[in-house]
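Novice: I'd like to ask some things about the structure below.
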Amino acid sequence: MLKFLNQVTTYGKESFQAARYIGQGLSVTFDHMKRRPITVQYPYEKLIPSERFRGRIHFEFDKCISCEVCVRVCPINLPVVDWEFNKEIKKKQLKHYSIDFGVCIFCANCVEYCPTNCLSVTEEYELSTFDRHELNFDNVAMGRLPYKVTQDPMVTPIREFAYLPPTELDGHNVGSTAPRAGQTPAEIVASTPAQSKPSKEG
Amino acid sequence: MNPGIDLQERFIETLMELGLTPGVAKTIWLPIPMLLMIIGATVGVLVSVWLERKISAAAQQRIGPEYIGPLGILAPVADGIKLVFKEDVVPANTDPLLFTLGPILVVIPVFFSYLIVPFGQNLLITDLGIGIFFWVALSSVAPIGLLMAGYSSNNKYSLLGGLRAAAQSISYEIPLALAVLAVVMMSNSLSTIDIVNQQSGYGILGWNIIRQPIGFMLFWIAALAECERLPFDLPEAEEELVAGYQTEYAGMKFALFYLGSYVNLVLSSILVAVLYFGGWDLPIPATMIAEWINVDPNNTLFVLVTAGLGLVMTLLKAYFFLFLAILLRWTVPRVRIDQLLDFGWKFLLPVGLVNLLLTAGLKLAFPFAFGG
């Protein structure tokens, strides 16, 4: 009899425990309801891409020496470098340059290895087109600079989490100009004592 | 208690003053409350679908529907219109008759149950003598429709979903009925009007939740299971069964299932309010308010205002439980089928029986408080 009663008590206790856990869970979900939605309403609000963002690649035609390093470091040999040897100046002369951004994986290896820095990454990521062949950018298309999110009057720029002032958690609550947490690279440079000779390992 | 306003009598009297015979006047009156109730139930569904989307979004820190009407209020309407215009596909190798009959058999009993839902002393279609039992009986018709839909789809997921729905509805019907029985025992009547009247008079202190906390929990859990809401939504568990018995349905037939499930949820919420939270009764008794503001409790305007407030109270209480159901949806994970049946038969059923016995004992011991 006592054993049975014990069992009943344990069972009852467990039931109450279960009910308490459900109650705790409910309070958590209820608490979430008063938090602000983290949604970035895309066409009207856009996140400001970070400075290391690897978007569409920018190309400066005049800097290029047609060395084809970009082609060799590309995982799929994507850039098309069309050049001709000019006998008068004894130099390679670039005629056309193109990258198909429908195939590109945006690894930015070409940017990394380009000896003349004629390639660079932009923060442009809105590359959708009606025809995939339109993504095959030639040197003119690659020479265009993207429109900045912060300068677009139609768009509310929102900063990513890492770029918010200290203790702020949501980019919606902070203006896009408030200083971020920590020092910016420019500030770090300004605060370090000036050196007459930059050391080799830097 | 004041008898409230009797719309039926007023309406028939007005028509008779216009020179109609009482029979004709009554015939004109008859379809009006039914139409009103059907429209009310459908609008209630639209509101609850919108709430479901918005509250779900809030619980997940999203925004939810926003551009379809102000605050996305027209999103459920857009859903409905989309479903109406979709092609009505009947897959090959199904049983076309049963396939069509299934959703109909699921929806009609739910709408029928609105016959006994009271929003005020006279604000219901009929005050049936068997009242709440009518609802319990009708809700056991739905699993037949679900099983029919699942079986006739000629699809293993549908069949499994249908079988699960049937098993679940049948197992949770019993604790539901036991919880209702305890309430009925206290009010000595099956009529929903009598059940509310027995609770009213003392404001919030008189509500059944005070005397039947266990019964309320039982009823709420069983009602969630009957509506196939999330902790118990096994029949349409999308991760395992695609959409259960709804898998093969599209267009209007799917819309019927969708409508049926939400109408059922609203109905269950209203019935929780009616059975345990005093229905249209105000938290502070109406007679007390009348005393405070020095109005005769039988003053026409006062009666009208309290009736309106009662309607609002019923809906407020019902929508509070709807909110709770939606919040529960994002809080508790789905149970397994064996856990579900274990819980129904080995926990809810004994607890329901104990609760019934306890109520009976208390009724004998304290007849003044437990409706002797």
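Simple scheme: letters A, B, ... for chains in structure tokens order, numbers from 1 for residues in each chain, numbers from 1 for ligands in the order shown.
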Where does chain A meet chain B within 8 Å, residue by residue, with the nearest atom pair and distance in Å to one decimal for each, counting only C-alpha atoms, listed by chain and rising number, as a tab-separated table?
Specialist:
```
residue	atom	partner	partner_atom	distance
A:Ile22	CA	B:Val332	CA	7.0
A:Gly25	CA	B:Thr331	CA	5.7
A:Leu26	CA	B:Thr331	CA	5.8
A:Thr29	CA	B:Ala59	CA	5.7
A:Phe30	CA	B:Ala59	CA	6.9
A:His32	CA	B:Ala59	CA	5.2
A:Met33	CA	B:Ala59	CA	4.7
A:Lys34	CA	B:Ala58	CA	7.5
A:Arg35	CA	B:Gln61	CA	6.6
A:Arg36	CA	B:Gln61	CA	6.3
A:Pro37	CA	B:Gln61	CA	4.2
A:Ile38	CA	B:Gln61	CA	6.0
A:Thr39	CA	B:Arg62	CA	5.8
```
Novice: Give me the residues near Leu241 in chain B as a PyMOL selection string, where near means some atom within 10 Å (using only C-alpha atoms) and where sequence neighbours in that chain fewer than 5 positions away do not count.
Specialist: chain B and resi 156-161+234-236+246-247
Novice: With N, CA and C atoms kept, could you save the residues just selected as a CSV table (one decimal), in the first residue's frame?
Specialist:
```csv
chain,number,residue,atom,x,y,z
B,156,LYS,N,0.0,6.6,-48.7
B,156,LYS,CA,0.4,6.0,-47.4
B,156,LYS,C,0.4,7.1,-46.3
B,157,TYR,N,0.9,8.3,-46.7
B,157,TYR,CA,1.0,9.3,-45.7
B,157,TYR,C,-0.4,9.7,-45.2
B,158,SER,N,-1.3,9.8,-46.2
B,158,SER,CA,-2.7,10.2,-45.9
B,158,SER,C,-3.3,9.2,-45.0
B,159,LEU,N,-3.1,7.9,-45.3
B,159,LEU,CA,-3.7,6.9,-44.6
B,159,LEU,C,-3.2,6.9,-43.1
B,160,LEU,N,-1.9,7.0,-43.0
B,160,LEU,CA,-1.3,7.1,-41.6
B,160,LEU,C,-1.9,8.3,-40.9
B,161,GLY,N,-1.9,9.4,-41.6
B,161,GLY,CA,-2.5,10.6,-40.9
B,161,GLY,C,-3.9,10.4,-40.5
B,234,LEU,N,0.0,15.4,-34.4
B,234,LEU,CA,0.6,14.2,-35.2
B,234,LEU,C,-0.1,13.9,-36.5
B,235,PRO,N,-1.4,14.0,-36.6
B,235,PRO,CA,-2.1,13.6,-37.8
B,235,PRO,C,-1.5,14.4,-39.0
B,236,GLU,N,-1.0,15.6,-38.8
B,236,GLU,CA,-0.5,16.3,-40.0
B,236,GLU,C,1.0,16.7,-39.8
B,246,GLN,N,-4.3,15.5,-45.2
B,246,GLN,CA,-4.5,16.6,-46.2
B,246,GLN,C,-3.5,16.6,-47.4
B,247,THR,N,-2.6,15.6,-47.4
B,247,THR,CA,-1.6,15.6,-48.4
B,247,THR,C,-2.1,15.7,-49.8
```
Novice: For the helix (DSSP H, G or I) assignment from backbone DSSP, which residues of range 124-201 of chain B qualify? Please present them as JSON, numbers by chain.
Specialist: {"B": [131, 132, 133, 134, 135, 136, 137, 138, 139, 142, 143, 144, 145, 146, 147, 148, 149, 150, 151, 152, 156, 157, 158, 159, 160, 161, 162, 163, 164, 165, 166, 167, 168, 169, 170, 171, 172, 173, 174, 175, 176, 177, 178, 179, 180, 181, 182, 183, 184, 185, 186, 187, 192, 193, 194, 195, 196, 197, 198, 199]}
Novice: Residues as selected, C-alpha atoms, written as a PDB file, in the first residue's frame, can you do that?
Specialist:
```pdb
ATOM      1  CA  GLY B 131     -26.483  21.581 -25.064  1.00  0.00           C
ATOM      2  CA  ILE B 132     -22.886  20.727 -24.383  1.00  0.00           C
ATOM      3  CA  PHE B 133     -23.485  17.027 -25.004  1.00  0.00           C
ATOM      4  CA  PHE B 134     -24.533  17.960 -28.530  1.00  0.00           C
ATOM      5  CA  TRP B 135     -21.054  19.374 -29.077  1.00  0.00           C
ATOM      6  CA  VAL B 136     -19.337  16.308 -27.594  1.00  0.00           C
ATOM      7  CA  ALA B 137     -21.436  14.082 -29.848  1.00  0.00           C
ATOM      8  CA  LEU B 138     -20.805  16.163 -32.975  1.00  0.00           C
ATOM      9  CA  SER B 139     -17.074  16.348 -32.409  1.00  0.00           C
ATOM     10  CA  ALA B 142     -15.103  14.563 -37.446  1.00  0.00           C
ATOM     11  CA  PRO B 143     -12.710  11.566 -37.121  1.00  0.00           C
ATOM     12  CA  ILE B 144     -14.914   9.630 -39.552  1.00  0.00           C
ATOM     13  CA  GLY B 145     -14.399  12.364 -42.110  1.00  0.00           C
ATOM     14  CA  LEU B 146     -10.667  12.464 -41.397  1.00  0.00           C
ATOM     15  CA  LEU B 147     -10.329   8.716 -41.763  1.00  0.00           C
ATOM     16  CA  MET B 148     -12.404   8.861 -44.935  1.00  0.00           C
ATOM     17  CA  ALA B 149     -10.141  11.552 -46.377  1.00  0.00           C
ATOM     18  CA  GLY B 150      -7.020   9.663 -45.400  1.00  0.00           C
ATOM     19  CA  TYR B 151      -8.197   6.301 -46.693  1.00  0.00           C
ATOM     20  CA  SER B 152      -9.656   7.502 -49.983  1.00  0.00           C
ATOM     21  CA  LYS B 156       0.375   5.990 -47.379  1.00  0.00           C
ATOM     22  CA  TYR B 157       0.976   9.319 -45.652  1.00  0.00           C
ATOM     23  CA  SER B 158      -2.677  10.231 -45.918  1.00  0.00           C
ATOM     24  CA  LEU B 159      -3.746   6.874 -44.563  1.00  0.00           C
ATOM     25  CA  LEU B 160      -1.346   7.083 -41.629  1.00  0.00           C
ATOM     26  CA  GLY B 161      -2.466  10.633 -40.918  1.00  0.00           C
ATOM     27  CA  GLY B 162      -6.109   9.632 -41.070  1.00  0.00           C
ATOM     28  CA  LEU B 163      -5.554   6.689 -38.736  1.00  0.00           C
ATOM     29  CA  ARG B 164      -3.645   8.860 -36.300  1.00  0.00           C
ATOM     30  CA  ALA B 165      -6.373  11.501 -36.407  1.00  0.00           C
ATOM     31  CA  ALA B 166      -9.012   8.888 -35.664  1.00  0.00           C
ATOM     32  CA  ALA B 167      -6.995   7.341 -32.817  1.00  0.00           C
ATOM     33  CA  GLN B 168      -6.275  10.728 -31.320  1.00  0.00           C
ATOM     34  CA  SER B 169      -9.799  12.101 -31.564  1.00  0.00           C
ATOM     35  CA  ILE B 170     -11.297   8.978 -30.051  1.00  0.00           C
ATOM     36  CA  SER B 171      -8.831   8.804 -27.147  1.00  0.00           C
ATOM     37  CA  TYR B 172      -9.124  12.441 -26.191  1.00  0.00           C
ATOM     38  CA  GLU B 173     -12.887  12.509 -26.509  1.00  0.00           C
ATOM     39  CA  ILE B 174     -13.195  10.621 -23.238  1.00  0.00           C
ATOM     40  CA  PRO B 175     -11.208  12.946 -20.947  1.00  0.00           C
ATOM     41  CA  LEU B 176     -12.948  15.839 -22.681  1.00  0.00           C
ATOM     42  CA  ALA B 177     -16.351  14.367 -21.921  1.00  0.00           C
ATOM     43  CA  LEU B 178     -15.306  13.610 -18.323  1.00  0.00           C
ATOM     44  CA  ALA B 179     -14.172  17.201 -17.790  1.00  0.00           C
ATOM     45  CA  VAL B 180     -17.447  18.456 -19.225  1.00  0.00           C
ATOM     46  CA  LEU B 181     -19.354  16.000 -17.064  1.00  0.00           C
ATOM     47  CA  ALA B 182     -17.861  17.436 -13.880  1.00  0.00           C
ATOM     48  CA  VAL B 183     -19.006  20.908 -14.908  1.00  0.00           C
ATOM     49  CA  VAL B 184     -22.419  19.595 -15.851  1.00  0.00           C
ATOM     50  CA  MET B 185     -22.678  17.900 -12.460  1.00  0.00           C
ATOM     51  CA  MET B 186     -22.152  21.246 -10.756  1.00  0.00           C
ATOM     52  CA  SER B 187     -24.654  23.146 -12.848  1.00  0.00           C
ATOM     53  CA  THR B 192     -24.733  26.055 -22.050  1.00  0.00           C
ATOM     54  CA  ILE B 193     -26.955  28.908 -20.854  1.00  0.00           C
ATOM     55  CA  ASP B 194     -27.551  27.198 -17.509  1.00  0.00           C
ATOM     56  CA  ILE B 195     -23.853  26.443 -17.159  1.00  0.00           C
ATOM     57  CA  VAL B 196     -23.008  30.128 -17.533  1.00  0.00           C
ATOM     58  CA  ASN B 197     -25.864  31.261 -15.298  1.00  0.00           C
ATOM     59  CA  GLN B 198     -24.682  28.925 -12.550  1.00  0.00           C
ATOM     60  CA  GLN B 199     -21.278  30.633 -12.676  1.00  0.00           C
TER      61      GLN B 199
END
```
Novice: Which of these residues is nearest to Glu60 in chain A, using only C-alpha atoms: A:Ser191, A:Asn117, A:Thr122, A:Thr10?
Specialist: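 For Glu60 in chain A, the nearest of the candidates is A:Asn117.
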Novice: Please measure the separation of CA of Ser48 in chain B and CA of Phe219 in chain B, giving the value in Å to one decimal.
Specialist: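 According to the coordinates, CA of Ser48 in chain B and CA of Phe219 in chain B are separated by 20.4 Å.
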